[in-house]
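So this block is work.cif, mmCIF, C-alpha atoms; chains and numbers go by the auth columns:
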```
data_my_file
loop_
_atom_site.group_PDB
_atom_site.id
_atom_site.type_symbol
_atom_site.label_atom_id
_atom_site.label_comp_id
_atom_site.label_asym_id
_atom_site.label_seq_id
_atom_site.Cartn_x
_atom_site.Cartn_y
_atom_site.Cartn_z
_atom_site.B_iso_or_equiv
_atom_site.auth_seq_id
_atom_site.auth_asym_id
ATOM 1 C CA MET A 1 -58.338 45.395 55.958 0.00 1 A
ATOM 2 C CA GLU A 2 -57.951 48.947 56.613 0.00 2 A
ATOM 3 C CA ALA A 3 -57.299 47.992 60.196 0.00 3 A
ATOM 4 C CA LEU A 4 -54.309 46.124 58.993 0.00 4 A
ATOM 5 C CA GLY A 5 -53.174 49.080 56.986 0.00 5 A
ATOM 6 C CA ILE A 6 -54.141 47.652 53.668 0.00 6 A
ATOM 7 C CA SER A 7 -56.424 49.672 51.460 0.00 7 A
ATOM 8 C CA PRO A 8 -58.378 48.053 48.657 0.00 8 A
ATOM 9 C CA PHE A 9 -57.459 50.933 46.411 0.00 9 A
ATOM 10 C CA GLY A 10 -53.754 50.255 47.146 0.00 10 A
ATOM 11 C CA ILE A 11 -54.159 46.567 46.317 0.00 11 A
ATOM 12 C CA VAL A 12 -55.828 47.402 43.020 0.00 12 A
ATOM 13 C CA ALA A 13 -53.082 49.898 42.308 0.00 13 A
ATOM 14 C CA TYR A 14 -50.466 47.283 43.133 0.00 14 A
ATOM 15 C CA ILE A 15 -52.176 44.723 40.851 0.00 15 A
ATOM 16 C CA VAL A 16 -52.501 47.247 38.021 0.00 16 A
ATOM 17 C CA ASN A 17 -48.847 48.258 38.483 0.00 17 A
ATOM 18 C CA PHE A 18 -47.835 44.602 38.544 0.00 18 A
ATOM 19 C CA ILE A 19 -49.778 43.869 35.317 0.00 19 A
ATOM 20 C CA ILE A 20 -48.305 46.942 33.635 0.00 20 A
ATOM 21 C CA LEU A 21 -44.845 45.881 34.811 0.00 21 A
ATOM 22 C CA VAL A 22 -45.337 42.347 33.485 0.00 22 A
ATOM 23 C CA VAL A 23 -46.610 43.673 30.134 0.00 23 A
ATOM 24 C CA LEU A 24 -43.748 46.147 29.872 0.00 24 A
ATOM 25 C CA LEU A 25 -41.197 43.500 30.874 0.00 25 A
ATOM 26 C CA GLN A 26 -42.655 41.104 28.349 0.00 26 A
ATOM 27 C CA MET A 27 -42.549 43.722 25.608 0.00 27 A
ATOM 28 C CA PHE A 28 -39.168 45.223 26.312 0.00 28 A
ATOM 29 C CA LEU A 29 -37.259 42.542 28.147 0.00 29 A
ATOM 30 C CA TYR A 30 -38.733 39.075 27.685 0.00 30 A
ATOM 31 C CA LYS A 31 -39.047 39.174 23.874 0.00 31 A
ATOM 32 C CA PRO A 32 -35.528 40.556 23.299 0.00 32 A
ATOM 33 C CA VAL A 33 -34.055 38.119 25.813 0.00 33 A
ATOM 34 C CA THR A 34 -35.881 35.167 24.237 0.00 34 A
ATOM 35 C CA GLN A 35 -34.821 36.360 20.792 0.00 35 A
ATOM 36 C CA MET A 36 -31.238 36.683 21.994 0.00 36 A
ATOM 37 C CA LEU A 37 -31.401 33.207 23.535 0.00 37 A
ATOM 38 C CA ALA A 38 -32.936 31.801 20.342 0.00 38 A
ATOM 39 C CA GLN A 39 -30.183 33.441 18.267 0.00 39 A
ATOM 40 C CA ARG A 40 -27.540 32.112 20.631 0.00 40 A
ATOM 41 C CA GLN A 41 -29.093 28.643 20.440 0.00 41 A
ATOM 42 C CA GLN A 42 -29.089 28.893 16.622 0.00 42 A
ATOM 43 C CA ARG A 43 -25.405 29.984 16.591 0.00 43 A
ATOM 44 C CA ILE A 44 -24.512 27.075 18.842 0.00 44 A
ATOM 45 C CA ALA A 45 -26.434 24.650 16.614 0.00 45 A
ATOM 46 C CA ASP A 46 -24.733 26.131 13.522 0.00 46 A
ATOM 47 C CA GLY A 47 -21.349 25.824 15.214 0.00 47 A
ATOM 48 C CA LEU A 48 -22.037 22.194 16.126 0.00 48 A
ATOM 49 C CA SER A 49 -23.185 21.354 12.604 0.00 49 A
ATOM 50 C CA ALA A 50 -20.099 23.121 11.185 0.00 50 A
ATOM 51 C CA ALA A 51 -17.918 21.126 13.575 0.00 51 A
ATOM 52 C CA ASP A 52 -19.639 17.911 12.459 0.00 52 A
ATOM 53 C CA ARG A 53 -19.101 18.834 8.801 0.00 53 A
ATOM 54 C CA ALA A 54 -15.462 19.658 9.508 0.00 54 A
ATOM 55 C CA ALA A 55 -15.028 16.340 11.335 0.00 55 A
ATOM 56 C CA ARG A 56 -16.598 14.433 8.423 0.00 56 A
ATOM 57 C CA GLU A 57 -14.424 16.296 5.914 0.00 57 A
ATOM 58 C CA ALA A 58 -11.343 15.615 8.030 0.00 58 A
ATOM 59 C CA ALA A 59 -12.250 11.925 8.175 0.00 59 A
ATOM 60 C CA LEU A 60 -12.712 11.856 4.387 0.00 60 A
ATOM 61 C CA GLN A 61 -9.432 13.659 3.839 0.00 61 A
ATOM 62 C CA ARG A 62 -7.692 11.312 6.242 0.00 62 A
ATOM 63 C CA ALA A 63 -9.100 8.276 4.422 0.00 63 A
ATOM 64 C CA GLU A 64 -8.028 9.758 1.096 0.00 64 A
ATOM 65 C CA PHE A 65 -4.574 10.513 2.502 0.00 65 A
ATOM 66 C CA GLU A 66 -4.245 6.962 3.813 0.00 66 A
ATOM 67 C CA LYS A 67 -5.249 5.581 0.393 0.00 67 A
ATOM 68 C CA GLU A 68 -2.669 7.780 -1.312 0.00 68 A
ATOM 69 C CA LEU A 69 -0.078 6.789 1.260 0.00 69 A
ATOM 70 C CA ALA A 70 -0.839 3.105 0.640 0.00 70 A
ATOM 71 C CA LYS A 71 -0.524 3.671 -3.120 0.00 71 A
ATOM 72 C CA ALA A 72 2.781 5.469 -2.587 0.00 72 A
ATOM 73 C CA ARG A 73 4.029 2.608 -0.422 0.00 73 A
ATOM 74 C CA GLU A 74 3.009 0.072 -3.048 0.00 74 A
ATOM 75 C CA ALA A 75 4.704 2.104 -5.772 0.00 75 A
ATOM 76 C CA SER A 76 7.814 2.433 -3.627 0.00 76 A
ATOM 77 C CA GLN A 77 7.875 -1.297 -2.954 0.00 77 A
ATOM 78 C CA ALA A 78 7.367 -2.026 -6.651 0.00 78 A
ATOM 79 C CA GLU A 79 10.250 0.290 -7.539 0.00 79 A
ATOM 80 C CA ALA A 80 12.405 -1.362 -4.885 0.00 80 A
ATOM 81 C CA ARG A 81 11.530 -4.802 -6.309 0.00 81 A
ATOM 82 C CA LYS A 82 12.350 -3.610 -9.813 0.00 82 A
ATOM 83 C CA ALA A 83 15.653 -2.183 -8.632 0.00 83 A
ATOM 84 C CA ALA A 84 16.472 -5.415 -6.800 0.00 84 A
ATOM 85 C CA GLU A 85 15.564 -7.473 -9.858 0.00 85 A
ATOM 86 C CA ALA A 86 17.651 -5.225 -12.100 0.00 86 A
ATOM 87 C CA THR A 87 20.559 -5.474 -9.675 0.00 87 A
ATOM 88 C CA GLU A 88 20.232 -9.256 -9.545 0.00 88 A
ATOM 89 C CA LYS A 89 20.093 -9.430 -13.350 0.00 89 A
ATOM 90 C CA MET A 90 23.172 -7.225 -13.603 0.00 90 A
ATOM 91 C CA ARG A 91 24.934 -9.430 -11.061 0.00 91 A
ATOM 92 C CA GLN A 92 23.994 -12.556 -13.008 0.00 92 A
ATOM 93 C CA ASP A 93 25.173 -10.936 -16.259 0.00 93 A
ATOM 94 C CA ILE A 94 28.472 -9.947 -14.665 0.00 94 A
ATOM 95 C CA ILE A 95 28.945 -13.452 -13.256 0.00 95 A
ATOM 96 C CA ALA A 96 28.100 -15.016 -16.628 0.00 96 A
ATOM 97 C CA ALA A 97 30.504 -12.662 -18.414 0.00 97 A
ATOM 98 C CA ALA A 98 33.234 -13.424 -15.877 0.00 98 A
ATOM 99 C CA GLN A 99 32.670 -17.172 -16.253 0.00 99 A
ATOM 100 C CA LYS A 100 32.748 -16.871 -20.033 0.00 100 A
ATOM 101 C CA GLU A 101 35.954 -14.839 -19.879 0.00 101 A
ATOM 102 C CA ALA A 102 37.469 -17.385 -17.474 0.00 102 A
ATOM 103 C CA GLU A 103 36.568 -20.211 -19.854 0.00 103 A
ATOM 104 C CA GLU A 104 38.093 -18.297 -22.751 0.00 104 A
ATOM 105 C CA ILE A 105 41.264 -17.698 -20.743 0.00 105 A
ATOM 106 C CA LYS A 106 41.410 -21.400 -19.831 0.00 106 A
ATOM 107 C CA ALA A 107 40.854 -22.386 -23.451 0.00 107 A
ATOM 108 C CA ARG A 108 43.615 -19.993 -24.596 0.00 108 A
ATOM 109 C CA ALA A 109 45.927 -21.301 -21.891 0.00 109 A
ATOM 110 C CA ARG A 110 45.211 -24.900 -22.952 0.00 110 A
ATOM 111 C CA ALA A 111 45.793 -24.011 -26.589 0.00 111 A
ATOM 112 C CA GLU A 112 49.038 -22.228 -25.735 0.00 112 A
ATOM 113 C CA ALA A 113 50.123 -25.175 -23.578 0.00 113 A
ATOM 114 C CA GLU A 114 49.297 -27.583 -26.386 0.00 114 A
ATOM 115 C CA GLN A 115 51.161 -25.407 -28.871 0.00 115 A
ATOM 116 C CA GLU A 116 54.170 -25.212 -26.558 0.00 116 A
ATOM 117 C CA LYS A 117 53.978 -28.975 -26.062 0.00 117 A
ATOM 118 C CA GLN A 118 53.954 -29.460 -29.859 0.00 118 A
ATOM 119 C CA GLN A 119 56.849 -27.014 -30.200 0.00 119 A
ATOM 120 C CA VAL A 120 58.839 -28.832 -27.522 0.00 120 A
ATOM 121 C CA ALA A 121 58.053 -32.192 -29.179 0.00 121 A
ATOM 122 C CA THR A 122 59.171 -30.810 -32.555 0.00 122 A
ATOM 123 C CA ASP A 123 62.316 -29.352 -31.010 0.00 123 A
ATOM 124 C CA LEU A 124 63.019 -32.677 -29.305 0.00 124 A
ATOM 125 C CA GLN A 125 62.533 -34.541 -32.574 0.00 125 A
ATOM 126 C CA LYS A 126 64.907 -32.177 -34.348 0.00 126 A
ATOM 127 C CA GLU A 127 67.442 -32.532 -31.547 0.00 127 A
ATOM 128 C CA ALA A 128 67.042 -36.319 -31.569 0.00 128 A
ATOM 129 C CA ALA A 129 67.488 -36.349 -35.338 0.00 129 A
ATOM 130 C CA SER A 130 70.577 -34.195 -35.082 0.00 130 A
ATOM 131 C CA LEU A 131 72.028 -36.436 -32.359 0.00 131 A
ATOM 132 C CA ALA A 132 71.149 -39.550 -34.306 0.00 132 A
ATOM 133 C CA MET A 133 72.949 -38.154 -37.356 0.00 133 A
ATOM 134 C CA GLN A 134 76.025 -37.325 -35.313 0.00 134 A
ATOM 135 C CA ILE A 135 76.060 -40.791 -33.757 0.00 135 A
ATOM 136 C CA THR A 136 75.599 -42.388 -37.134 0.00 136 A
ATOM 137 C CA ARG A 137 78.545 -40.432 -38.557 0.00 137 A
ATOM 138 C CA LYS A 138 80.752 -41.470 -35.700 0.00 138 A
ATOM 139 C CA VAL A 139 79.719 -45.126 -35.902 0.00 139 A
ATOM 140 C CA VAL A 140 79.598 -45.544 -39.623 0.00 140 A
ATOM 141 C CA GLY A 141 82.084 -42.914 -40.283 0.00 141 A
ATOM 142 C CA GLY A 142 80.893 -40.932 -43.236 0.00 142 A
ATOM 143 C CA ALA A 143 80.147 -43.855 -45.577 0.00 143 A
ATOM 144 C CA ILE A 144 76.491 -42.994 -45.692 0.00 144 A
ATOM 145 C CA ASP A 145 75.530 -39.902 -47.573 0.00 145 A
ATOM 146 C CA GLU A 146 73.378 -37.127 -46.175 0.00 146 A
ATOM 147 C CA ASN A 147 70.100 -38.249 -47.869 0.00 147 A
ATOM 148 C CA ALA A 148 70.431 -41.781 -46.572 0.00 148 A
ATOM 149 C CA GLN A 149 71.078 -40.495 -43.083 0.00 149 A
ATOM 150 C CA ARG A 150 67.959 -38.314 -43.270 0.00 150 A
ATOM 151 C CA THR A 151 65.871 -41.266 -44.420 0.00 151 A
ATOM 152 C CA LEU A 152 67.127 -43.402 -41.510 0.00 152 A
ATOM 153 C CA VAL A 153 66.496 -40.615 -39.025 0.00 153 A
ATOM 154 C CA ASN A 154 62.964 -40.004 -40.357 0.00 154 A
ATOM 155 C CA GLN A 155 62.198 -43.739 -40.079 0.00 155 A
ATOM 156 C CA PHE A 156 63.553 -43.735 -36.532 0.00 156 A
ATOM 157 C CA LEU A 157 61.441 -40.752 -35.627 0.00 157 A
ATOM 158 C CA ALA A 158 58.376 -42.289 -37.236 0.00 158 A
ATOM 159 C CA ASN A 159 58.934 -45.424 -35.163 0.00 159 A
ATOM 160 C CA LEU A 160 59.240 -43.227 -32.038 0.00 160 A
ATOM 161 C CA GLY A 161 55.945 -41.456 -32.947 0.00 161 A
ATOM 162 C CA ASP A 162 54.151 -44.810 -33.341 0.00 162 A
ATOM 163 C CA GLY A 163 55.441 -45.990 -29.980 0.00 163 A
ATOM 164 C CA LYS A 164 53.679 -43.149 -28.179 0.00 164 A
#
```
Let me see whether you can do it: turn the structure in this file into structure tokens.
Amino acid sequence: MEALGISPFGIVAYIVNFIILVVLLQMFLYKPVTQMLAQRQQRIADGLSAADRAAREAALQRAEFEKELAKAREASQAEARKAAEATEKMRQDIIAAAQKEAEEIKARARAEAEQEKQQVATDLQKEAASLAMQITRKVVGGAIDENAQRTLVNQFLANLGDGK
């Protein structure tokens, strides 16, 4: 091998140097690099687990928010129903009050009309009695006294009232 330019002492030296280099690299480079890689792997795993926890918490918060939103919607709809019912009740009360007032006005108008009718009938009876007395005076001429004339007129009016 010496003819090839290779000495056995050189090969042994190369092997010893290689073993020393491997040992030194393992001590000073391989262990720190593997530790660094292990730490990096642990940080990544921690980050992933934190992300999973955050995602679960976000999902829980979202579900809770949706429940609260549904409750708020239900409460809002209930309040809207109550307001609509109250408005409808107020409308019904107003309509009932207006109808009652209209009936009262009609009743008053009927009563006033009836009273006016009675007044007109009374006025007509008085006028008829007065005319009857004047006619009687002209026809009979004063021979009948005032009381007799009133009696005749009242009988006449009574007969008119029965003829109705």
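Atom to atom, atom CA of A:Leu48 and atom CA of A:Arg62 stand 20.5 Å apart.
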Quick one: pull the distance between atom CA of A:Gln77 and atom CA of A:Leu60, Å, one decimal.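 Separation of atom CA of A:Gln77 and atom CA of A:Leu60: 25.5 Å.
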For atom CA of A:Asn154 and atom CA of A:Glu127, quote the distance in Å rounded to one decimal.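 These two atoms are separated by 12.4 Å.
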Using the file's own x, y and z axes, so that the box edges lie along x, y and z, what centre and edge lengths in Å (one decimal) does a box around every listed atom of stretch 126-137 of chain A get when 6 Å is added on each side? Give it as lines of an AutoDock Vina configuration file.
```
center_x = 71.7
center_y = -37.3
center_z = -35.1
size_x = 25.6
size_y = 22.2
size_z = 19.0
```
